[in-house]
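data-v4.cif, holding mmCIF, C-alpha atoms:
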```cif
data_query
#
loop_
_atom_site.label_atom_id
_atom_site.label_comp_id
_atom_site.auth_asym_id
_atom_site.auth_seq_id
_atom_site.Cartn_x
_atom_site.Cartn_y
_atom_site.Cartn_z
CA MET A 254 -3.98 31.22 1.30
CA PRO A 255 -1.37 30.65 -1.44
CA ASP A 256 -1.45 27.23 -3.02
CA ARG A 257 1.13 24.66 -2.06
CA PHE A 258 3.19 25.21 -5.21
CA ASP A 259 3.83 28.86 -4.38
CA LEU A 260 7.31 28.32 -2.97
CA PRO A 261 10.50 30.09 -4.03
CA ALA A 262 12.75 29.05 -6.89
CA GLY A 263 15.59 26.90 -5.59
CA PHE A 264 13.40 25.51 -2.81
CA ARG A 265 14.85 22.14 -1.80
CA TRP A 266 12.54 19.14 -1.53
CA GLY A 267 13.73 16.33 0.69
CA ALA A 268 13.02 13.48 3.06
CA ALA A 269 14.60 12.62 6.39
CA THR A 270 15.68 9.58 8.41
CA ALA A 271 18.02 8.83 11.34
CA ALA A 272 20.75 6.24 11.76
CA TYR A 273 19.47 4.15 14.66
CA GLN A 274 15.95 4.19 13.24
CA ILE A 275 16.87 2.66 9.87
CA GLU A 276 20.43 1.35 9.63
CA GLY A 277 20.38 -1.87 11.67
CA ALA A 278 23.71 -3.77 11.53
CA VAL A 279 24.39 -2.76 15.12
CA ASP A 280 27.02 -5.49 15.61
CA GLU A 281 28.68 -5.30 12.19
CA ASP A 282 31.92 -3.85 10.87
CA GLY A 283 33.23 -2.59 14.17
CA ARG A 284 30.30 -0.47 15.32
CA GLY A 285 30.27 0.06 19.08
CA PRO A 286 27.14 -0.06 21.28
CA SER A 287 24.99 3.04 21.69
CA ILE A 288 22.73 4.08 24.52
CA TRP A 289 19.77 2.90 22.42
CA ASP A 290 21.20 -0.61 22.13
CA THR A 291 21.47 -0.66 25.92
CA PHE A 292 18.04 0.91 26.48
CA CYS A 293 16.30 -1.50 24.12
CA ALA A 294 17.74 -4.43 26.06
CA GLN A 295 15.99 -3.28 29.25
CA PRO A 296 12.69 -5.14 29.78
CA GLY A 297 9.72 -2.81 29.27
CA ALA A 298 11.76 0.11 27.98
CA VAL A 299 10.48 -0.17 24.39
CA ARG A 300 7.00 -1.26 23.40
CA ASP A 301 6.83 -5.02 22.78
CA GLY A 302 10.57 -5.33 23.28
CA HIS A 303 11.37 -3.99 19.81
CA THR A 304 14.94 -2.91 19.03
CA GLY A 305 16.82 -1.17 16.26
CA ALA A 306 19.14 -4.13 15.75
CA VAL A 307 17.89 -4.68 12.19
CA ALA A 308 15.43 -1.80 11.68
CA CYS A 309 15.14 -1.18 7.91
CA ASP A 310 18.50 -2.85 7.19
CA HIS A 311 19.48 0.37 5.43
CA TYR A 312 23.14 -0.39 6.10
CA HIS A 313 22.91 -3.13 3.48
CA ARG A 314 19.97 -1.83 1.42
CA TYR A 315 20.91 1.83 0.97
CA PRO A 316 21.14 1.55 -2.86
CA GLU A 317 17.51 0.44 -2.94
CA ASP A 318 16.55 3.32 -0.66
CA ILE A 319 18.43 5.85 -2.76
CA ALA A 320 16.55 4.54 -5.80
CA LEU A 321 13.32 5.33 -3.93
CA MET A 322 14.60 8.85 -3.23
CA LYS A 323 15.49 9.33 -6.87
CA GLY A 324 12.03 8.11 -7.85
CA LEU A 325 10.56 10.87 -5.71
CA GLY A 326 12.69 13.49 -7.45
CA LEU A 327 14.26 14.61 -4.16
CA ASP A 328 16.76 17.45 -4.12
CA GLY A 329 18.11 16.50 -0.71
CA TYR A 330 18.24 13.71 1.84
CA ARG A 331 18.67 14.34 5.54
CA PHE A 332 20.20 11.42 7.43
CA SER A 333 22.30 11.03 10.56
CA ILE A 334 25.71 9.58 11.12
CA ALA A 335 26.01 7.01 13.88
CA TRP A 336 28.68 8.25 16.28
CA PRO A 337 29.37 4.68 17.57
CA ARG A 338 29.85 3.44 14.01
CA VAL A 339 32.64 5.97 13.46
CA LEU A 340 34.15 6.06 16.96
CA PRO A 341 33.05 2.85 18.70
CA ALA A 342 34.17 4.07 22.12
CA GLY A 343 33.02 7.65 21.50
CA ALA A 344 36.64 8.79 21.31
CA GLY A 345 39.98 7.31 20.44
CA PRO A 346 40.55 5.03 17.45
CA VAL A 347 38.46 5.64 14.36
CA ASN A 348 36.61 2.70 12.81
CA PRO A 349 37.58 2.76 9.10
CA ALA A 350 34.65 0.56 8.08
CA GLY A 351 32.21 2.98 9.68
CA LEU A 352 33.55 5.97 7.81
CA ALA A 353 33.66 3.92 4.62
CA PHE A 354 29.92 3.27 4.86
CA TYR A 355 29.16 7.00 4.92
CA ASP A 356 31.65 7.53 2.09
CA ARG A 357 29.66 5.09 -0.03
CA LEU A 358 26.34 6.61 1.02
CA VAL A 359 27.40 10.18 0.19
CA ASP A 360 28.88 9.19 -3.16
CA ALA A 361 25.75 7.24 -4.11
CA LEU A 362 23.53 10.18 -3.18
CA LEU A 363 25.59 12.59 -5.24
CA GLU A 364 25.56 10.22 -8.18
CA ALA A 365 21.76 10.20 -7.95
CA GLY A 366 21.68 14.01 -7.94
CA ILE A 367 20.61 14.21 -4.29
CA ALA A 368 22.37 16.58 -1.89
CA PRO A 369 23.37 14.96 1.42
CA LEU A 370 22.37 16.81 4.60
CA PRO A 371 23.95 14.89 7.49
CA THR A 372 23.13 15.27 11.18
CA LEU A 373 26.03 14.50 13.47
CA PHE A 374 24.00 13.56 16.55
CA HIS A 375 20.52 12.06 16.44
CA TRP A 376 20.40 10.59 19.95
CA ASP A 377 22.63 7.48 19.56
CA LEU A 378 25.40 8.42 21.99
CA PRO A 379 28.16 5.81 22.27
CA GLN A 380 27.54 3.76 25.40
CA ALA A 381 31.15 4.26 26.51
CA LEU A 382 30.50 7.99 26.83
CA GLU A 383 27.27 7.38 28.73
CA ASP A 384 29.24 5.18 31.12
CA ALA A 385 31.39 8.25 31.81
CA GLY A 386 28.33 10.44 32.47
CA GLY A 387 26.90 11.06 29.01
CA TRP A 388 25.64 14.57 28.36
CA LEU A 389 25.65 15.24 32.10
CA ASN A 390 29.45 15.20 31.78
CA ARG A 391 30.93 18.37 30.29
CA ASP A 392 33.69 16.29 28.71
CA THR A 393 31.18 14.81 26.25
CA ALA A 394 30.96 18.17 24.48
CA TYR A 395 34.67 18.03 23.70
CA ARG A 396 34.42 14.42 22.55
CA PHE A 397 31.63 15.53 20.19
CA ALA A 398 33.87 18.20 18.68
CA GLU A 399 36.55 15.57 18.07
CA TYR A 400 33.99 13.32 16.42
CA ALA A 401 32.75 16.19 14.24
CA ASP A 402 36.35 16.84 13.21
CA VAL A 403 36.86 13.21 12.13
CA VAL A 404 33.66 13.03 10.10
CA THR A 405 33.86 16.40 8.36
CA ASP A 406 37.54 15.86 7.56
CA ARG A 407 36.49 12.74 5.64
CA LEU A 408 33.26 13.95 4.03
CA GLY A 409 33.48 17.74 4.02
CA ASP A 410 34.92 17.86 0.50
CA ARG A 411 31.54 16.63 -0.81
CA VAL A 412 29.10 17.77 1.88
CA PRO A 413 28.93 21.55 2.35
CA THR A 414 26.18 21.79 5.01
CA TRP A 415 25.96 19.99 8.35
CA ILE A 416 23.44 19.75 11.17
CA THR A 417 25.13 19.40 14.55
CA LEU A 418 22.31 18.21 16.83
CA ASN A 419 18.80 16.92 16.36
CA GLU A 420 16.10 18.01 18.82
CA PRO A 421 18.21 18.55 21.93
CA PHE A 422 15.02 19.45 23.82
CA VAL A 423 13.46 16.04 23.16
CA HIS A 424 16.69 14.19 23.95
CA THR A 425 17.12 16.11 27.21
CA VAL A 426 13.53 15.78 28.41
CA PHE A 427 12.75 12.23 27.33
CA GLY A 428 16.23 10.83 27.88
CA TYR A 429 17.39 12.64 31.01
CA ALA A 430 14.34 14.16 32.71
CA LEU A 431 11.53 11.63 32.20
CA GLY A 432 13.41 8.44 31.34
CA THR A 433 11.14 7.36 28.49
CA HIS A 434 14.04 7.44 25.99
CA ALA A 435 17.66 6.36 26.27
CA PRO A 436 19.61 6.69 28.50
CA GLY A 437 16.58 6.47 30.78
CA HIS A 438 17.38 8.97 33.55
CA THR A 439 14.56 10.51 35.60
CA LEU A 440 16.16 13.72 36.84
CA MET A 441 13.34 16.16 36.02
CA PHE A 442 14.74 19.71 35.88
CA GLU A 443 18.10 18.60 37.23
CA ALA A 444 18.59 17.10 33.74
CA LEU A 445 19.26 20.57 32.34
CA PRO A 446 23.07 20.34 32.52
CA ALA A 447 22.64 17.83 29.66
CA ALA A 448 20.98 20.63 27.69
CA HIS A 449 23.85 23.03 28.28
CA HIS A 450 26.48 20.45 27.40
CA GLN A 451 24.73 19.67 24.11
CA LEU A 452 24.67 23.36 23.26
CA LEU A 453 28.33 23.63 24.20
CA ALA A 454 29.02 20.67 21.90
CA HIS A 455 27.19 22.47 19.11
CA GLY A 456 29.24 25.63 19.61
CA LEU A 457 32.57 23.81 19.66
CA ALA A 458 31.72 21.82 16.54
CA ALA A 459 30.26 24.84 14.73
CA SER A 460 33.52 26.78 15.17
CA LEU A 461 35.50 23.87 13.79
CA LEU A 462 33.17 23.41 10.81
CA HIS A 463 33.21 27.10 9.96
CA ASP A 464 36.99 27.07 10.06
CA ARG A 465 36.76 24.28 7.49
CA GLY A 466 34.54 26.43 5.24
CA LEU A 467 31.38 24.41 5.95
CA GLU A 468 27.88 25.64 6.70
CA VAL A 469 26.31 24.80 10.06
CA MET A 470 22.71 24.22 11.09
CA LEU A 471 20.97 23.12 14.29
CA SER A 472 17.63 21.27 14.16
CA ASN A 473 15.23 22.12 16.97
CA ASN A 474 11.81 20.68 17.64
CA LEU A 475 9.69 23.80 18.10
CA THR A 476 6.03 24.18 18.94
CA PRO A 477 3.70 27.18 19.17
CA VAL A 478 2.51 27.38 22.77
CA GLU A 479 -0.97 28.59 23.59
CA PRO A 480 -2.48 29.08 27.06
CA ALA A 481 -5.61 27.08 27.83
CA THR A 482 -7.36 30.33 28.83
CA GLN A 483 -6.46 33.97 29.31
CA ASP A 484 -6.30 33.47 33.06
CA PRO A 485 -3.00 34.92 34.36
CA ALA A 486 -2.00 31.54 35.81
CA ASP A 487 -2.44 29.85 32.42
CA LEU A 488 -0.56 32.65 30.69
CA ALA A 489 2.35 32.30 33.12
CA ALA A 490 2.42 28.54 32.62
CA ALA A 491 2.51 28.97 28.84
CA THR A 492 5.38 31.45 29.12
CA ALA A 493 7.35 29.02 31.28
CA TYR A 494 6.79 26.16 28.87
CA ASP A 495 7.75 28.26 25.85
CA ALA A 496 11.04 29.17 27.55
CA LEU A 497 11.80 25.51 28.20
CA HIS A 498 10.70 23.95 24.92
CA ASN A 499 11.43 26.63 22.35
CA ARG A 500 13.82 29.22 23.70
CA LEU A 501 16.23 27.15 25.81
CA PHE A 502 17.89 25.74 22.70
CA THR A 503 17.44 28.76 20.44
CA ASP A 504 18.17 31.90 22.49
CA PRO A 505 21.78 30.99 23.38
CA VAL A 506 22.63 30.23 19.75
CA LEU A 507 20.87 33.20 18.16
CA LEU A 508 20.94 35.83 20.93
CA GLY A 509 23.88 34.83 23.12
CA ARG A 510 21.86 34.40 26.29
CA TYR A 511 19.68 31.86 28.02
CA PRO A 512 15.99 32.62 28.61
CA ASP A 513 14.75 33.25 32.12
CA LEU A 514 14.11 29.82 33.62
CA SER A 515 13.40 31.01 37.15
CA ALA A 516 9.72 30.02 36.87
CA LEU A 517 10.95 26.43 36.52
CA GLY A 518 13.11 26.70 39.62
CA VAL A 519 16.28 26.62 37.52
CA PRO A 520 19.17 28.85 38.67
CA ASP A 521 20.94 31.14 36.21
CA ASP A 522 23.96 28.83 36.03
CA ILE A 523 21.73 25.81 35.25
CA PHE A 524 22.76 23.85 38.33
CA GLY A 525 26.41 24.84 38.01
CA ALA A 526 26.84 23.68 34.41
CA ILE A 527 27.53 27.09 32.84
CA ARG A 528 31.10 28.34 33.08
CA PRO A 529 32.44 31.77 32.11
CA GLY A 530 32.75 32.04 28.34
CA ASP A 531 30.42 29.12 27.59
CA VAL A 532 27.59 31.17 26.13
CA ASP A 533 30.04 32.99 23.86
CA LEU A 534 31.29 29.60 22.64
CA ILE A 535 27.70 28.64 21.86
CA HIS A 536 26.70 31.93 20.24
CA THR A 537 29.79 33.20 18.44
CA PRO A 538 29.99 30.69 15.56
CA GLY A 539 26.51 31.66 14.41
CA LEU A 540 24.13 29.60 12.32
CA ASP A 541 23.92 29.45 8.54
CA GLY A 542 20.45 28.01 8.85
CA LEU A 543 17.96 26.93 11.49
CA GLY A 544 16.43 23.49 11.09
CA LEU A 545 12.83 23.39 12.27
CA ASN A 546 11.20 20.08 13.13
CA PHE A 547 7.47 20.67 13.40
CA TYR A 548 4.66 18.27 14.22
CA ASN A 549 2.02 19.96 16.38
CA PRO A 550 1.12 22.89 18.64
CA THR A 551 0.97 22.65 22.44
CA ARG A 552 -1.68 23.90 24.86
CA VAL A 553 -0.61 24.68 28.43
CA ALA A 554 -2.51 25.31 31.65
CA ALA A 555 -1.62 26.26 35.19
CA PRO A 556 -0.27 23.25 37.09
CA SER A 557 -2.54 20.91 38.98
CA ASP A 558 0.54 19.54 40.79
CA PRO A 559 2.22 22.24 42.94
CA ASP A 560 5.62 20.65 42.24
CA LEU A 561 5.32 21.35 38.51
CA PRO A 562 5.22 24.70 36.67
CA PHE A 563 2.64 23.75 34.01
CA ASP A 564 0.22 21.13 32.71
CA LEU A 565 0.05 20.05 29.08
CA VAL A 566 -3.61 19.79 28.09
CA ALA A 567 -5.48 18.48 25.07
CA ILE A 568 -6.48 20.71 22.17
CA PRO A 569 -10.17 19.95 21.61
CA ASP A 570 -12.09 19.55 18.37
CA VAL A 571 -9.13 18.89 16.07
CA PRO A 572 -8.04 15.69 14.31
CA HIS A 573 -5.15 13.68 15.72
CA THR A 574 -2.47 11.47 14.20
CA ALA A 575 -2.08 7.80 15.10
CA PHE A 576 0.48 8.99 17.65
CA GLY A 577 -2.23 11.11 19.28
CA TRP A 578 -0.69 14.43 18.20
CA PRO A 579 -3.13 17.25 17.33
CA VAL A 580 -3.23 18.35 13.69
CA VAL A 581 -3.53 22.15 13.37
CA PRO A 582 -1.58 23.03 10.21
CA ASP A 583 -1.82 26.81 10.32
CA THR A 584 0.07 26.82 13.60
CA LEU A 585 3.20 26.13 11.52
CA ARG A 586 2.70 29.48 9.80
CA GLN A 587 2.03 31.12 13.16
CA LEU A 588 5.21 29.64 14.63
CA LEU A 589 7.33 30.89 11.74
CA LEU A 590 5.95 34.40 12.14
CA GLN A 591 6.58 34.26 15.90
CA LEU A 592 10.19 33.28 15.28
CA ARG A 593 10.69 36.23 12.93
CA ASP A 594 9.00 38.67 15.29
CA PHE A 595 11.01 37.49 18.31
CA TYR A 596 14.47 37.01 16.79
CA GLY A 597 14.37 39.64 14.05
CA LYS A 598 17.62 39.94 12.12
CA ALA A 599 19.21 37.24 14.29
CA LEU A 600 16.98 34.61 12.66
CA PRO A 601 18.83 32.78 9.87
CA PRO A 602 17.13 31.14 6.88
CA ILE A 603 14.91 28.25 7.92
CA THR A 604 14.69 24.73 6.57
CA ILE A 605 11.89 22.42 7.67
CA THR A 606 14.06 19.44 8.58
CA GLU A 607 11.17 17.24 9.77
CA ASN A 608 7.42 17.29 9.24
CA GLY A 609 5.10 14.33 8.87
CA CYS A 610 2.63 12.12 10.66
CA SER A 611 2.06 8.59 11.82
CA VAL A 612 -0.93 6.87 10.23
CA ASP A 613 -2.54 3.68 11.44
CA ALA A 614 -1.11 0.79 9.42
CA ALA A 615 -4.65 -0.38 8.70
CA THR A 616 -5.46 2.88 6.89
CA THR A 617 -4.90 1.58 3.38
CA PRO A 618 -5.67 4.71 1.29
CA ASP A 619 -3.05 6.74 3.18
CA GLN A 620 -5.23 9.81 2.83
CA PRO A 621 -4.61 11.17 6.35
CA ARG A 622 -0.88 11.43 5.61
CA ILE A 623 -1.50 13.17 2.28
CA ASP A 624 -3.88 15.61 3.94
CA TYR A 625 -1.37 16.30 6.73
CA LEU A 626 1.48 17.00 4.31
CA ALA A 627 -0.66 19.07 1.93
CA THR A 628 -2.09 21.33 4.62
CA HIS A 629 1.28 21.89 6.28
CA LEU A 630 2.82 22.77 2.93
CA ASP A 631 -0.03 25.22 2.38
CA ALA A 632 0.87 26.79 5.74
CA LEU A 633 4.52 26.90 4.68
CA ALA A 634 3.64 28.63 1.43
CA ALA A 635 1.57 31.16 3.35
CA ALA A 636 4.56 31.91 5.59
CA THR A 637 6.83 32.49 2.59
CA ALA A 638 4.22 34.87 1.18
CA GLU A 639 4.54 36.82 4.44
CA GLY A 640 8.28 37.14 3.97
CA ILE A 641 9.71 34.18 5.91
CA ASP A 642 12.93 32.90 4.32
CA ILE A 643 12.38 29.13 4.01
CA ARG A 644 14.92 27.18 1.97
CA GLY A 645 13.56 23.63 1.97
CA TYR A 646 11.25 20.95 3.31
CA TYR A 647 12.27 17.45 4.44
CA THR A 648 9.34 15.23 5.24
CA TRP A 649 9.53 12.69 8.04
CA SER A 650 10.00 10.07 6.92
CA LEU A 651 11.17 8.32 3.78
CA LEU A 652 10.62 4.90 5.37
CA ASP A 653 8.66 3.35 8.17
CA ASN A 654 11.26 2.90 10.89
CA PHE A 655 12.07 2.17 14.51
CA GLU A 656 10.14 4.90 16.30
CA TRP A 657 12.14 4.96 19.55
CA ALA A 658 10.09 3.90 22.61
CA GLU A 659 7.16 3.03 20.32
CA GLY A 660 9.21 0.44 18.44
CA TYR A 661 7.66 -0.39 15.08
CA HIS A 662 4.11 0.61 16.01
CA GLN A 663 4.13 4.13 14.53
CA ARG A 664 4.22 4.36 10.73
CA PHE A 665 5.62 7.65 9.42
CA GLY A 666 6.94 6.46 6.06
CA LEU A 667 6.09 7.49 2.54
CA VAL A 668 7.27 3.93 1.95
CA HIS A 669 5.81 0.98 3.85
CA VAL A 670 8.41 -1.42 5.22
CA ASP A 671 7.59 -5.04 6.02
CA PHE A 672 9.99 -5.57 8.90
CA THR A 673 9.88 -9.34 8.45
CA THR A 674 10.86 -9.42 4.78
CA GLN A 675 12.32 -5.87 4.44
CA GLN A 676 10.15 -5.37 1.37
CA ARG A 677 9.62 -1.68 0.56
CA THR A 678 6.24 -0.66 -0.89
CA PRO A 679 5.62 3.00 -1.79
CA ARG A 680 2.37 4.33 -0.37
CA ALA A 681 -0.09 6.69 -2.02
CA SER A 682 1.65 9.54 -0.20
CA TYR A 683 4.88 8.64 -2.02
CA ALA A 684 3.16 9.12 -5.38
CA TRP A 685 1.49 12.31 -4.14
CA TYR A 686 4.80 13.78 -2.94
CA ARG A 687 6.54 12.75 -6.17
CA ASP A 688 3.89 14.48 -8.26
CA LEU A 689 3.97 17.57 -6.04
CA ILE A 690 7.74 17.89 -6.42
CA SER A 691 7.54 17.37 -10.18
CA SER A 692 4.78 19.96 -10.58
CA HIS A 693 6.62 22.53 -8.49
CA LYS A 694 9.84 22.10 -10.46
CA ALA A 695 7.99 22.26 -13.78
CA ARG A 696 6.23 25.45 -12.71
CA ARG A 697 9.48 27.11 -11.67
CA THR A 698 11.27 26.26 -14.90
CA SER A 699 8.43 27.11 -17.31
#
```

Show me, as structure tokens, the structure contained in the file I just sent.
Amino acid sequence: MPDRFDLPAGFRWGAATAAYQIEGAVDEDGRGPSIWDTFCAQPGAVRDGHTGAVACDHYHRYPEDIALMKGLGLDGYRFSIAWPRVLPAGAGPVNPAGLAFYDRLVDALLEAGIAPLPTLFHWDLPQALEDAGGWLNRDTAYRFAEYADVVTDRLGDRVPTWITLNEPFVHTVFGYALGTHAPGHTLMFEALPAAHHQLLAHGLAASLLHDRGLEVMLSNNLTPVEPATQDPADLAAATAYDALHNRLFTDPVLLGRYPDLSALGVPDDIFGAIRPGDVDLIHTPGLDGLGLNFYNPTRVAAPSDPDLPFDLVAIPDVPHTAFGWPVVPDTLRQLLLQLRDFYGKALPPITITENGCSVDAATTPDQPRIDYLATHLDALAAATAEGIDIRGYYTWSLLDNFEWAEGYHQRFGLVHVDFTTQQRTPRASYAWYRDLISSHKARRTS
């Protein structure tokens, strides 16, 4: 396997965060409430009652955090813009102070030599839009396009590339189907109109951004799916899960059609959500790049419950992260090859927009995180050697942060954050990543 430095010239090294997970300042400077503010206030919704009200206080401490990025030698920084900070009611009057914050952030990044890569939606929907139906309401897609217009009109002169949505699969399933994330609905497969409306929002915004001369990406959480056995029932279950997790949010954008969801009991019109012309609106703008968030593979078996189309089962004899996710690095290479084989010329260049692991806070040497990153970068290098066009790698995450329903219990950061004092302390993985980036750049310029 090629060594981890064998990546193309111009490869962009980065780190990623998200607004609600790090910004804090939820009641400051005119920001409106989001669905995560509401969800966190519900007893038992988030582990130990944690909230993102303060988080990493990045809203006030961003210069310190940019200094940490510069110390790493990053080429790029992926962050998200808080919709309720810009449009407190989700639509209508713009909050000047909210836009001004992102103005300052972008300018400070550029001054540090770090390219901004903003995500427009990373799960923090304005509560006012949720009150009107959230992503179950088709109108939200049009409000998203208006929001994208406001933000890119202000920042597009300095930011050439934009990610529309982050992990619409996870937001749909956890937020609308299972209720473990905001907004907390438990609709099971009847949540899928929220999926279609997010994709419609992407298509509307992508057309607008392209008209403005900007590049557009979409970041999907993808996973290689393997059947538990070669039994036909397990194979069918794996096919059904792959259609739901991987292809539902990729086929319409890249191929102009939805995958067959009949095995899930989903009608072709996704419970009446799809209207004539919608799929063209989603597909026609095209993608300038596909963002891939990768953490682990998935093993699937035939369902034990007749009301469900599959069971997710453990992958035996492999290490696991503190989050309990299996660590099988070469499956990243396998996934990238599968994407190329399936989508062919329709597959745009790929950027790894998230990859990282949670490590137990008591693990002082930080070696599991270093091993995770190193082996996944080895898999990435192997994929490039097999002809996959990969433009960059953004590790998750720069900082320990608010990890959604897990609160502050999962530690993904290259930098440790003491959430009582807000002191930042770079971990061993920070130094390792810094040295890796430096060595790669030196090798490419020698």

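Across the model, the gap from CA of Ala271 in chain A to CA of Gly666 in chain A is 12.5 Å.
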
Q: With the file shown as input, list the residues that the PyMOL selection byres ((chain A and resi 603) around 7) selects, as a PyMOL selection string.
A: chain A and resi 542-545+601-602+604-605+642-644

Q: Can you turn the PyMOL selection byres ((chain A and resi 539) around 10) into a concrete residue list for this file, as a PyMOL selection string?
A: chain A and resi 456+459-460+463+468-470+506-509+534-538+540-542+599+601

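Picture a line from CA of Leu592 in chain A to CA of Trp376 in chain A; it runs 25.3 Å.
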
Produce the centre coordinates and the three edge lengths, each in Å to one decimal, of the box along x, y and z that contains all listed atoms of range 556-573 of chain A with 8 Å added on each side, as lines of an AutoDock Vina configuration file.
```
center_x = -3.2
center_y = 19.2
center_z = 28.6
size_x = 33.7
size_y = 27.0
size_z = 44.6
```

Q.
Need to verify the contact set: Thr551 in chain A, 7 Å, all atoms listed in the file, exclusion of same-chain residues closer than 4 positions in sequence. Can you return it as a list in words?
A.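 The residues that qualify are Thr476, Pro477, Val478 and Glu479 of chain A.
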
Kindly reconstruct range 381-387 of chain A with all heavy atoms and present the result as a compact mmCIF listing (two decimals), in the frame of the given file.
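The resulting file, rebuild.txt, is reproduced below:
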```
# COMPACT_ATOMS: atom_id res chain seq x y z
N ALA A 381 29.95 3.98 25.71
CA ALA A 381 31.15 4.26 26.51
C ALA A 381 31.13 5.68 27.07
O ALA A 381 31.59 5.91 28.20
CB ALA A 381 32.40 4.04 25.66
N LEU A 382 30.60 6.63 26.32
CA LEU A 382 30.50 7.99 26.83
C LEU A 382 29.41 8.11 27.87
O LEU A 382 29.55 8.85 28.85
CB LEU A 382 30.25 8.98 25.68
CG LEU A 382 31.40 9.15 24.69
CD1 LEU A 382 31.03 10.19 23.64
CD2 LEU A 382 32.69 9.53 25.39
N GLU A 383 28.31 7.38 27.70
CA GLU A 383 27.27 7.38 28.73
C GLU A 383 27.81 6.80 30.03
O GLU A 383 27.49 7.27 31.13
CB GLU A 383 26.06 6.57 28.25
CG GLU A 383 24.97 6.37 29.29
CD GLU A 383 24.41 7.66 29.87
OE1 GLU A 383 24.43 8.69 29.17
OE2 GLU A 383 23.95 7.63 31.02
N ASP A 384 28.65 5.78 29.92
CA ASP A 384 29.24 5.18 31.12
C ASP A 384 30.09 6.19 31.88
O ASP A 384 30.29 6.05 33.10
CB ASP A 384 30.09 3.96 30.76
CG ASP A 384 29.26 2.81 30.21
OD1 ASP A 384 28.03 2.79 30.44
OD2 ASP A 384 29.85 1.92 29.55
N ALA A 385 30.59 7.20 31.17
CA ALA A 385 31.39 8.25 31.81
C ALA A 385 30.55 9.47 32.19
O ALA A 385 31.10 10.51 32.59
CB ALA A 385 32.51 8.68 30.87
N GLY A 386 29.22 9.35 32.08
CA GLY A 386 28.33 10.44 32.47
C GLY A 386 27.47 10.99 31.37
O GLY A 386 26.55 11.78 31.62
N GLY A 387 27.73 10.60 30.12
CA GLY A 387 26.90 11.06 29.01
C GLY A 387 26.88 12.57 28.91
O GLY A 387 27.87 13.26 29.18
```
